[in-house]
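Below: model.csv (CSV, C-alpha atoms and all ligand atoms)
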chain,number,residue,atom,x,y,z
Z,1,MET,CA,84.8,207.2,252.2
Z,2,PRO,CA,84.6,204.1,249.8
Z,3,SER,CA,83.3,201.1,251.7
Z,4,SER,CA,84.5,197.6,250.6
Z,5,PRO,CA,82.4,194.4,251.2
Z,6,ALA,CA,84.9,193.4,253.9
Z,7,ASP,CA,84.3,196.8,255.7
Z,8,GLN,CA,80.6,196.3,255.5
Z,9,THR,CA,80.7,192.8,256.8
Z,10,LEU,CA,82.9,193.7,259.7
Z,11,ALA,CA,80.7,196.8,260.4
Z,12,ALA,CA,77.6,194.6,260.5
Z,13,GLN,CA,79.3,192.1,262.8
Z,14,VAL,CA,80.4,194.9,265.2
Z,15,VAL,CA,76.9,196.5,265.2
Z,16,ASN,CA,75.3,193.1,265.8
Z,17,SER,CA,77.7,192.6,268.7
Z,18,MET,CA,76.9,196.1,270.1
Z,19,GLU,CA,73.2,195.2,270.0
Z,20,ARG,CA,73.9,191.9,271.9
Z,21,MET,CA,75.9,193.9,274.5
Z,22,SER,CA,73.5,196.8,275.1
Z,23,GLY,CA,70.1,195.4,273.8
Z,24,ARG,CA,68.4,196.5,270.6
Z,25,PHE,CA,66.3,199.6,270.7
Z,26,PRO,CA,64.6,200.3,267.3
Z,27,GLY,CA,65.1,203.8,266.0
Z,28,TYR,CA,68.0,204.6,268.3
Z,29,ARG,CA,71.8,205.0,267.7
Z,30,ARG,CA,73.6,201.7,268.6
Z,31,SER,CA,75.8,203.8,270.9
Z,32,SER,CA,75.1,207.1,272.6
Z,33,ALA,CA,71.4,206.4,272.1
Z,34,ARG,CA,70.1,209.1,274.3
Z,35,GLY,CA,71.2,212.7,273.7
Z,36,ALA,CA,70.1,216.2,272.9
Z,37,GLY,CA,71.1,218.8,270.3
Z,38,PHE,CA,72.2,222.4,271.0
Z,39,ARG,CA,72.9,225.5,268.9
Z,40,ALA,CA,76.4,227.0,269.2
Z,41,THR,CA,79.0,229.3,267.6
Z,42,PHE,CA,82.7,228.5,267.2
Z,43,THR,CA,85.1,231.4,267.2
Z,44,PRO,CA,88.6,230.5,266.1
Z,45,THR,CA,91.6,232.2,267.9
Z,46,GLY,CA,93.6,232.2,264.6
Z,47,ASP,CA,96.4,230.3,266.4
Z,48,ALA,CA,95.8,227.2,264.3
Z,49,ALA,CA,95.8,229.1,261.0
Z,50,ALA,CA,99.6,228.7,260.5
Z,51,LEU,CA,99.2,224.8,260.7
Z,52,THR,CA,96.0,224.1,258.8
Z,53,THR,CA,93.9,225.7,256.0
Z,54,ALA,CA,90.7,224.3,257.6
Z,55,ALA,CA,88.0,227.0,257.1
Z,56,HIS,CA,86.7,227.0,260.6
Z,57,LEU,CA,90.1,227.3,262.2
Z,58,GLN,CA,91.1,230.6,260.5
Z,59,THR,CA,89.5,233.8,261.9
Z,60,ARG,CA,85.8,233.9,261.1
Z,61,PRO,CA,83.2,232.5,263.5
Z,62,VAL,CA,81.1,229.6,262.3
Z,63,PRO,CA,77.7,228.2,263.5
Z,64,ALA,CA,77.8,224.8,265.0
Z,65,THR,CA,75.5,222.1,266.4
Z,66,VAL,CA,76.5,220.0,269.4
Z,67,ARG,CA,74.9,216.8,270.5
Z,68,PHE,CA,75.6,215.7,274.1
Z,69,SER,CA,74.9,212.1,274.9
Z,70,ASN,CA,75.1,209.3,277.4
Z,71,SER,CA,77.4,206.8,275.6
Z,72,GLU,CA,75.4,203.7,276.3
Z,73,GLY,CA,73.5,202.0,273.5
Z,74,ASN,CA,70.6,201.5,275.9
Z,75,PRO,CA,68.6,204.8,276.0
Z,76,HIS,CA,67.3,204.0,279.4
Z,77,THR,CA,70.7,204.0,281.1
Z,78,PRO,CA,70.5,206.8,283.7
Z,79,ASP,CA,72.9,209.7,283.7
Z,80,THR,CA,73.9,208.7,287.2
Z,81,ALA,CA,75.7,205.6,285.7
Z,82,PRO,CA,79.6,205.8,285.7
Z,83,VAL,CA,79.7,205.7,281.9
Z,84,THR,CA,81.4,207.9,279.2
Z,85,ARG,CA,79.5,210.9,277.8
Z,86,GLY,CA,79.7,212.1,274.2
Z,87,MET,CA,80.0,215.5,272.6
Z,88,ALA,CA,79.5,215.5,268.9
Z,89,THR,CA,80.1,218.8,267.1
Z,90,ARG,CA,79.1,219.7,263.6
Z,91,PHE,CA,80.7,222.9,262.3
Z,92,HIS,CA,78.5,224.5,259.5
Z,93,LEU,CA,81.1,226.0,257.2
Z,94,HIS,CA,80.4,229.1,255.1
Z,95,ASP,CA,80.6,227.3,251.8
Z,96,GLY,CA,77.6,225.2,252.8
Z,97,SER,CA,79.6,222.0,253.8
Z,98,ASP,CA,80.0,220.6,257.3
Z,99,THR,CA,82.8,219.0,259.3
Z,100,ASP,CA,82.4,216.9,262.4
Z,101,LEU,CA,84.4,216.4,265.6
Z,102,ILE,CA,83.3,213.6,267.9
Z,103,ALA,CA,84.6,213.3,271.4
Z,104,LEU,CA,84.2,211.3,274.7
Z,105,THR,CA,85.0,212.0,278.4
Z,106,VAL,CA,88.0,209.7,278.3
Z,107,PRO,CA,91.4,210.2,276.5
Z,108,ARG,CA,91.9,206.6,275.3
Z,109,PHE,CA,89.8,204.2,273.3
Z,110,VAL,CA,89.4,200.6,274.5
Z,111,ALA,CA,90.8,199.0,271.3
Z,112,SER,CA,93.6,199.6,268.9
Z,113,THR,CA,91.8,197.9,266.0
Z,114,PRO,CA,88.2,197.2,264.9
Z,115,ARG,CA,88.7,193.5,265.5
Z,116,GLU,CA,89.8,194.1,269.1
Z,117,PHE,CA,86.7,196.2,269.6
Z,118,LEU,CA,84.6,193.4,268.3
Z,119,GLU,CA,86.2,191.0,270.8
Z,120,LEU,CA,85.6,193.4,273.7
Z,121,THR,CA,81.9,193.8,272.9
Z,122,GLU,CA,81.7,190.0,272.8
Z,123,ALA,CA,83.4,189.8,276.2
Z,124,LEU,CA,80.9,192.4,277.6
Z,125,ARG,CA,77.8,190.5,276.4
Z,126,PRO,CA,75.5,190.1,279.4
Z,127,ASP,CA,75.0,186.6,280.8
Z,128,PRO,CA,71.4,185.5,279.9
Z,129,VAL,CA,70.6,184.7,283.6
Z,130,SER,CA,72.3,187.5,285.6
Z,131,HIS,CA,71.9,190.1,282.8
Z,132,GLN,CA,75.4,191.3,283.7
Z,133,PRO,CA,78.6,190.9,281.8
Z,134,ASP,CA,80.9,188.1,283.2
Z,135,PRO,CA,83.9,189.9,284.7
Z,136,ALA,CA,86.0,186.8,283.9
Z,137,GLN,CA,85.5,187.4,280.2
Z,138,VAL,CA,86.8,191.0,280.5
Z,139,VAL,CA,89.8,189.8,282.5
Z,140,ALA,CA,90.5,187.2,279.8
Z,141,PHE,CA,90.2,189.9,277.1
Z,142,VAL,CA,92.7,192.1,278.9
Z,143,GLN,CA,95.1,189.2,279.5
Z,144,ALA,CA,95.0,188.4,275.7
Z,145,HIS,CA,95.6,192.2,274.9
Z,146,PRO,CA,97.8,193.5,277.8
Z,147,HIS,CA,98.4,196.8,275.8
Z,148,LEU,CA,94.8,197.7,276.4
Z,149,ALA,CA,94.9,197.3,280.2
Z,150,GLU,CA,95.1,201.0,280.9
Z,151,ALA,CA,92.4,201.9,278.4
Z,152,VAL,CA,89.9,199.3,279.7
Z,153,ALA,CA,90.6,200.4,283.3
Z,154,GLN,CA,89.8,204.1,282.7
Z,155,GLN,CA,87.1,205.4,285.0
Z,156,PRO,CA,85.1,208.1,283.3
Z,157,PRO,CA,84.0,211.0,285.6
Z,158,ILE,CA,80.3,211.4,286.5
Z,159,PRO,CA,80.2,215.2,285.7
Z,160,VAL,CA,78.1,217.7,287.6
Z,161,SER,CA,77.1,219.0,284.2
Z,162,TYR,CA,77.7,218.3,280.5
Z,163,ALA,CA,79.4,221.8,280.7
Z,164,SER,CA,81.9,220.7,283.3
Z,165,ALA,CA,83.7,217.7,281.6
Z,166,ALA,CA,86.6,217.6,279.2
Z,167,TYR,CA,86.0,215.6,276.0
Z,168,TRP,CA,88.7,214.0,273.9
Z,169,ALA,CA,88.4,213.3,270.1
Z,170,ILE,CA,91.0,210.5,270.9
Z,171,HIS,CA,92.3,209.8,267.4
Z,172,ALA,CA,95.2,211.6,265.7
Z,173,PHE,CA,94.3,213.7,262.7
Z,174,ILE,CA,96.7,215.3,260.3
Z,175,TRP,CA,96.6,219.1,259.7
Z,176,VAL,CA,97.9,220.4,256.4
Z,177,ASP,CA,99.0,224.0,256.0
Z,178,ALA,CA,99.0,226.3,252.9
Z,179,VAL,CA,102.3,224.8,251.5
Z,180,GLY,CA,101.3,221.2,252.2
Z,181,ALA,CA,103.3,220.7,255.4
Z,182,ARG,CA,101.8,218.1,257.7
Z,183,GLN,CA,101.4,218.1,261.5
Z,184,ALA,CA,99.7,215.3,263.5
Z,185,VAL,CA,97.3,216.7,266.2
Z,186,ARG,CA,94.9,215.5,268.8
Z,187,TYR,CA,91.8,217.5,269.9
Z,188,ARG,CA,90.3,218.1,273.4
Z,189,TRP,CA,87.4,220.3,274.4
Z,190,GLU,CA,88.3,221.9,277.8
Z,191,PRO,CA,85.3,223.3,279.7
Z,192,VAL,CA,85.6,227.0,280.6
Z,193,ALA,CA,83.5,226.1,283.7
Z,194,GLY,CA,86.3,223.8,284.8
Z,195,ARG,CA,86.2,220.0,285.3
Z,196,VAL,CA,83.8,219.2,288.1
Z,197,GLU,CA,82.6,215.7,289.0
Z,198,LEU,CA,80.2,214.0,291.4
Z,199,SER,CA,81.1,211.3,293.8
Z,200,ALA,CA,79.1,208.1,293.4
Z,201,ASP,CA,77.1,209.0,296.5
Z,202,GLU,CA,76.3,212.5,295.1
Z,203,ALA,CA,75.4,211.0,291.8
Z,204,ALA,CA,72.9,208.7,293.5
Z,205,THR,CA,70.9,211.8,294.5
Z,206,ARG,CA,70.5,213.0,290.9
Z,207,THR,CA,67.7,212.1,288.5
Z,208,ALA,CA,68.0,209.7,285.5
Z,209,HIS,CA,68.2,212.6,283.0
Z,210,TYR,CA,69.9,215.2,285.2
Z,211,LEU,CA,72.6,216.1,282.7
Z,212,THR,CA,70.2,217.2,279.9
Z,213,ASP,CA,67.9,218.9,282.4
Z,214,GLU,CA,70.8,220.7,284.1
Z,215,LEU,CA,72.1,222.0,280.7
Z,216,HIS,CA,68.8,223.4,279.7
Z,217,GLU,CA,68.5,225.2,283.1
Z,218,ARG,CA,72.1,226.5,282.8
Z,219,LEU,CA,71.6,227.8,279.3
Z,220,GLU,CA,68.6,229.9,280.5
Z,221,GLN,CA,71.1,231.8,282.7
Z,222,ALA,CA,74.1,232.1,280.4
Z,223,PRO,CA,75.9,230.4,277.5
Z,224,VAL,CA,78.2,227.5,278.1
Z,225,ALA,CA,81.8,227.5,276.7
Z,226,PHE,CA,84.6,225.2,275.8
Z,227,ASN,CA,88.1,225.9,274.5
Z,228,LEU,CA,89.4,223.7,271.6
Z,229,ARG,CA,92.8,222.6,272.8
Z,230,ILE,CA,95.1,221.1,270.3
Z,231,GLN,CA,98.0,218.8,271.2
Z,232,LEU,CA,100.8,218.9,268.6
Z,233,ALA,CA,102.7,215.6,268.0
Z,234,GLU,CA,106.5,215.4,267.8
Z,235,PRO,CA,107.8,213.6,264.7
Z,236,ASP,CA,108.0,210.1,266.3
Z,237,ASP,CA,104.7,210.2,268.2
Z,238,PRO,CA,102.6,207.3,266.9
Z,239,THR,CA,99.3,208.2,265.2
Z,240,HIS,CA,97.8,204.8,264.6
Z,241,ASP,CA,96.7,203.7,268.0
Z,242,PRO,CA,93.7,205.3,269.8
Z,243,SER,CA,94.3,203.3,273.0
Z,244,THR,CA,97.5,205.3,273.6
Z,245,VAL,CA,98.1,209.0,274.4
Z,246,TRP,CA,101.0,211.3,273.7
Z,247,PRO,CA,103.0,212.7,276.6
Z,248,ASP,CA,101.2,215.5,278.6
Z,249,HIS,CA,104.1,217.9,278.0
Z,250,ARG,CA,103.6,218.0,274.2
Z,251,LYS,CA,103.0,221.6,273.0
Z,252,GLU,CA,99.3,222.7,273.0
Z,253,ILE,CA,97.6,225.5,271.3
Z,254,ASN,CA,94.1,226.9,271.8
Z,255,ALA,CA,92.3,226.8,268.4
Z,256,GLY,CA,89.1,228.5,269.5
Z,257,ARG,CA,86.1,228.8,271.7
Z,258,LEU,CA,82.8,227.1,271.3
Z,259,GLU,CA,79.8,228.9,272.9
Z,260,ILE,CA,76.7,226.9,273.3
Z,261,ASN,CA,73.6,229.2,273.4
Z,262,ALA,CA,70.3,227.2,273.4
Z,263,PRO,CA,68.7,223.9,272.6
Z,264,ALA,CA,68.6,223.1,268.9
Z,265,ASP,CA,65.3,224.1,267.3
Z,266,ASP,CA,64.6,220.7,265.8
Z,267,GLN,CA,65.5,217.9,268.2
Z,268,ASP,CA,63.8,215.3,265.9
Z,269,LEU,CA,66.2,216.3,263.1
Z,270,TRP,CA,69.3,215.9,265.3
Z,271,ASN,CA,68.0,212.5,266.5
Z,272,THR,CA,67.9,211.3,262.9
Z,273,GLN,CA,71.2,212.9,261.7
Z,274,ALA,CA,74.4,210.8,261.8
Z,275,PHE,CA,77.7,212.3,262.8
Z,276,ASN,CA,80.8,210.9,261.1
Z,277,PRO,CA,84.4,211.2,262.5
Z,278,THR,CA,85.8,210.9,259.0
Z,279,ARG,CA,83.8,214.0,257.8
Z,280,VAL,CA,86.9,216.2,257.7
Z,281,THR,CA,87.4,219.3,255.5
Z,282,ALA,CA,90.3,220.6,253.4
Z,283,GLY,CA,93.3,221.2,255.6
Z,284,ILE,CA,92.5,218.2,257.8
Z,285,GLN,CA,93.3,214.5,256.9
Z,286,LEU,CA,92.7,211.2,258.6
Z,287,SER,CA,95.6,209.6,260.3
Z,288,ASP,CA,96.7,206.0,259.8
Z,289,ASP,CA,94.4,204.9,262.7
Z,290,PRO,CA,92.4,201.9,261.5
Z,291,VAL,CA,89.7,202.5,264.1
Z,292,LEU,CA,89.1,206.0,262.8
Z,293,ALA,CA,88.6,204.8,259.2
Z,294,PHE,CA,86.4,201.9,260.4
Z,295,ARG,CA,84.0,204.1,262.4
Z,296,ALA,CA,82.6,205.5,259.2
Z,297,HIS,CA,81.3,202.1,258.2
Z,298,ALA,CA,79.9,201.2,261.7
Z,299,TYR,CA,78.1,204.6,262.0
Z,300,ALA,CA,76.6,204.1,258.5
Z,301,GLU,CA,75.4,200.7,259.5
Z,302,SER,CA,73.8,202.0,262.7
Z,303,HIS,CA,72.3,204.9,260.8
Z,304,LEU,CA,70.8,202.6,258.2
Z,305,ARG,CA,69.2,200.3,260.8
Z,306,ARG,CA,67.7,203.1,262.8
Z,307,SER,CA,66.5,205.0,259.7
Z,308,HIS,CA,64.4,201.8,259.0
Z,309,ASN,CA,63.2,201.9,262.6
Z,310,GLN,CA,65.1,198.7,263.3
X,1,LIG,C1,85.5,200.7,266.8
X,1,LIG,C2,85.3,201.9,267.3
X,1,LIG,C3,83.9,202.5,267.4
X,1,LIG,C4,82.7,202.0,267.0
X,1,LIG,C5,82.4,200.6,266.3
X,1,LIG,C6,81.7,202.9,267.3
X,1,LIG,C7,80.3,202.8,267.1
X,1,LIG,C8,79.4,203.8,267.2
X,1,LIG,C9,78.0,203.7,266.7
X,1,LIG,C10,77.5,202.5,265.9
X,1,LIG,C11,77.4,204.9,267.0
X,1,LIG,C12,76.0,205.3,266.6
X,1,LIG,C13,76.1,206.0,265.2
X,1,LIG,C14,74.8,206.5,264.7
X,1,LIG,O1,73.8,205.7,264.7
X,1,LIG,O2,74.7,207.6,264.2
X,1,LIG,C15,78.4,205.7,267.7
X,1,LIG,C16,78.1,207.0,268.2
X,1,LIG,C17,79.1,207.7,268.9
X,1,LIG,N1,80.4,207.4,269.1
X,1,LIG,FE1,81.3,205.7,268.5
X,1,LIG,N2,82.3,204.0,268.0
X,1,LIG,C18,83.6,203.8,268.0
X,1,LIG,C19,84.6,204.6,268.5
X,1,LIG,C20,84.4,205.8,269.1
X,1,LIG,C21,85.4,206.7,269.5
X,1,LIG,C22,86.9,206.5,269.5
X,1,LIG,C23,84.7,207.8,270.0
X,1,LIG,C24,85.3,209.1,270.6
X,1,LIG,C25,86.3,209.7,270.0
X,1,LIG,C26,83.3,207.6,269.8
X,1,LIG,C27,82.3,208.5,270.2
X,1,LIG,C28,81.0,208.4,269.8
X,1,LIG,C29,80.0,209.4,270.1
X,1,LIG,C30,80.2,210.7,270.9
X,1,LIG,C31,78.8,209.0,269.5
X,1,LIG,C32,77.5,209.7,269.4
X,1,LIG,C33,77.5,210.6,268.2
X,1,LIG,C34,76.1,211.4,268.1
X,1,LIG,O3,75.8,212.1,269.0
X,1,LIG,O4,75.4,211.1,267.0
X,1,LIG,N3,83.1,206.4,269.3
X,1,LIG,N4,79.6,205.0,267.8

Just dump the structure as structure tokens.
Ligand code: HEM
Amino acid sequence: MPSSPADQTLAAQVVNSMERMSGRFPGYRRSSARGAGFRATFTPTGDAAALTTAAHLQTRPVPATVRFSNSEGNPHTPDTAPVTRGMATRFHLHDGSDTDLIALTVPRFVASTPREFLELTEALRPDPVSHQPDPAQVVAFVQAHPHLAEAVAQQPPIPVSYASAAYWAIHAFIWVDAVGARQAVRYRWEPVAGRVELSADEAATRTAHYLTDELHERLEQAPVAFNLRIQLAEPDDPTHDPSTVWPDHRKEINAGRLEINAPADDQDLWNTQAFNPTRVTAGIQLSDDPVLAFRAHAYAESHLRRSHNQ
């Protein structure tokens, strides 16, 4: 995606602000700093093929790599913290190209625009004395942006396992079929193991890296699976605002099943890779969501810094 000087400036400002919020950890992603990669296969059901020409959503299985992560920019944040978790999936298409799908354990994003996200990260900057964010700053942010109240108030689950949480890709994307007809969609990974969460008391008994350790142990027994659920927009459903959701009763289809089999062979490689939510493929287009387009620039900035061990 072409990057204008204005995009790059805002991306640098946002990444600077994320560093002030979470701390700066050279070599790590500025968000979702601690994670692990896994090998997987995605098998499409064929139910999406009438709506998109995307190669991985037809009938032929494709290999995939999945990175699960703790969403904090501080790699020392324990898994017991009540934070969001990430699931970044790269589908390796048969023509040698890749397409990414990046998702979190909440359905709404905390900002409708990149500027709002910048303001929120500023509001969450820790006080130099208490090392905690000032709750009054967050209240002031929400008062200034009342449409974000619901998104900011979301409580992410503390899952029993990375395999027992649902993950939303949040933004709308546009599917394009063989004759050029367009359909707005939203993606959700639904765990075949069901959604199972821990109470705060139960979480307190777990170790700092329990989610990664548990997934390794689980995979020694059996693969872990997710269904790719697709919510289909109706014509007037807005596509530009990632802090909102479409009504629950919108039609859904099951586009396929992801089976995760084992840890990725080369963890160092997956630590240095960069996922990109705008890396779509023919048959999928970006929606008019400004946060979606902006993420490409912020991720590139984070990747550049960590590639130089900054
Ligand atoms: C203004 C909006 C956002 C900004 C500025 C932002 C920023 C970032 C940055 C800087 C990274 C690290 C990139 C790297 O070094 O490779 C990252 C990773 C990540 N973000 Fe975001 N993000 C935004 C919105 C979102 C949304 C809406 C989602 C979920 C749909 C999301 C999910 C993730 C996940 C799962 C990762 C880890 C990817 C991996 O495993 O490599 N982010 N984000």

Neighbours of ligand LIG 1 (chain X) at 7 Å or closer, counting all atoms listed in the file: which residues, as a PDB file with C-alpha atoms, keeping the file's coordinate frame?
ATOM      1  CA  VAL Z  14      80.400 194.900 265.200  1.00  0.00           C
ATOM      2  CA  VAL Z  15      76.900 196.500 265.200  1.00  0.00           C
ATOM      3  CA  TYR Z  28      68.000 204.600 268.300  1.00  0.00           C
ATOM      4  CA  ARG Z  29      71.800 205.000 267.700  1.00  0.00           C
ATOM      5  CA  ARG Z  30      73.600 201.700 268.600  1.00  0.00           C
ATOM      6  CA  SER Z  31      75.800 203.800 270.900  1.00  0.00           C
ATOM      7  CA  SER Z  32      75.100 207.100 272.600  1.00  0.00           C
ATOM      8  CA  GLY Z  35      71.200 212.700 273.700  1.00  0.00           C
ATOM      9  CA  ARG Z  67      74.900 216.800 270.500  1.00  0.00           C
ATOM     10  CA  PHE Z  68      75.600 215.700 274.100  1.00  0.00           C
ATOM     11  CA  SER Z  69      74.900 212.100 274.900  1.00  0.00           C
ATOM     12  CA  SER Z  71      77.400 206.800 275.600  1.00  0.00           C
ATOM     13  CA  ARG Z  85      79.500 210.900 277.800  1.00  0.00           C
ATOM     14  CA  GLY Z  86      79.700 212.100 274.200  1.00  0.00           C
ATOM     15  CA  MET Z  87      80.000 215.500 272.600  1.00  0.00           C
ATOM     16  CA  ALA Z  88      79.500 215.500 268.900  1.00  0.00           C
ATOM     17  CA  ILE Z 102      83.300 213.600 267.900  1.00  0.00           C
ATOM     18  CA  ALA Z 103      84.600 213.300 271.400  1.00  0.00           C
ATOM     19  CA  LEU Z 104      84.200 211.300 274.700  1.00  0.00           C
ATOM     20  CA  PHE Z 109      89.800 204.200 273.300  1.00  0.00           C
ATOM     21  CA  THR Z 113      91.800 197.900 266.000  1.00  0.00           C
ATOM     22  CA  PRO Z 114      88.200 197.200 264.900  1.00  0.00           C
ATOM     23  CA  PHE Z 117      86.700 196.200 269.600  1.00  0.00           C
ATOM     24  CA  TRP Z 168      88.700 214.000 273.900  1.00  0.00           C
ATOM     25  CA  ALA Z 169      88.400 213.300 270.100  1.00  0.00           C
ATOM     26  CA  ILE Z 170      91.000 210.500 270.900  1.00  0.00           C
ATOM     27  CA  HIS Z 171      92.300 209.800 267.400  1.00  0.00           C
ATOM     28  CA  PRO Z 242      93.700 205.300 269.800  1.00  0.00           C
ATOM     29  CA  GLN Z 273      71.200 212.900 261.700  1.00  0.00           C
ATOM     30  CA  ALA Z 274      74.400 210.800 261.800  1.00  0.00           C
ATOM     31  CA  PHE Z 275      77.700 212.300 262.800  1.00  0.00           C
ATOM     32  CA  VAL Z 291      89.700 202.500 264.100  1.00  0.00           C
ATOM     33  CA  PHE Z 294      86.400 201.900 260.400  1.00  0.00           C
ATOM     34  CA  ARG Z 295      84.000 204.100 262.400  1.00  0.00           C
ATOM     35  CA  ALA Z 298      79.900 201.200 261.700  1.00  0.00           C
ATOM     36  CA  TYR Z 299      78.100 204.600 262.000  1.00  0.00           C
ATOM     37  CA  ALA Z 300      76.600 204.100 258.500  1.00  0.00           C
ATOM     38  CA  GLU Z 301      75.400 200.700 259.500  1.00  0.00           C
ATOM     39  CA  SER Z 302      73.800 202.000 262.700  1.00  0.00           C
ATOM     40  CA  HIS Z 303      72.300 204.900 260.800  1.00  0.00           C
ATOM     41  CA  ARG Z 306      67.700 203.100 262.800  1.00  0.00           C
TER      42      ARG Z 306
END

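Taking CA of Gly37 (chain Z) and CA of Pro156 (chain Z) as endpoints, the distance between them is 21.9 Å.
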
Legend entry - Separation of CA of Asp98 (chain Z) from CA of Glu217 (chain Z) in Å: 28.6 Å

Inset, instruction - Rounded to one decimal place, report the CA of Leu269 (chain Z)-CA of Asn16 (chain Z) distance in Å. - result: 25.1 Å

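Distance check against Ser307 (chain Z) using all atoms listed in the file: of Z:Thr45, Z:Thr272, Z:Gln285, Z:Gln137, the minimum falls on Z:Thr272.
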
Legend entry - Surrounding residues of Ala262 (chain Z) excluding itself and chain neighbours under 2 positions, 12 Å, all atoms listed in the file, as a PyMOL selection string: chain Z and resi 36-41+64-67+212+215-225+259-260+264-267

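Residue neighbourhood of Asp127 (chain Z), excluding near-sequence residues (fewer than 6 positions): Arg20, Met21, Ser22, Pro133, Asp134, Pro135, Ala136 and Gln137 of chain Z, at 12 Å, using all atoms listed in the file.
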
Legend entry - Selection: 10 Å around Asp47 (chain Z), all atoms listed in the file, excl. self and same-chain fewer than 3 positions, as a PyMOL selection string: chain Z and resi 44+50-52+57-59+253-256

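Among the candidate residues Z:Asp177, Z:Glu234, Z:Glu122, Z:Asp100, the one lying nearest to Glu252 (chain Z) is Z:Glu234, with distances computed using all atoms listed in the file.
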
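Nearest residue to Thr207 (chain Z), choosing from Z:Gln154, Z:Gly46, Z:Gly96, Z:Thr77 and counting all atoms listed in the file: Z:Thr77.
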
Legend entry - Residues near Arg186 (chain Z), cut-off 9 Å, all atoms listed in the file, skip fewer than 2 positions along chain, as a ChimeraX atom specification: /Z:168-174,184,188,229-233,246

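Nearest residue to Phe141 (chain Z) among Z:Leu120, Z:Pro5, Z:Gln155, Z:Ser164 is Z:Leu120, counting only C-alpha atoms.
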
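Take the candidates Z:His131, Z:Pro107, Z:Glu190, Z:Val176 and check each one against Ala153 (chain Z) using all atoms listed in the file; the shortest distance goes to Z:Pro107.
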
Legend entry - Counting all atoms listed in the file, the residue of Z:His147, Z:Arg125, Z:His92, Z:Arg279 that sits nearest Arg108 (chain Z): Z:His147
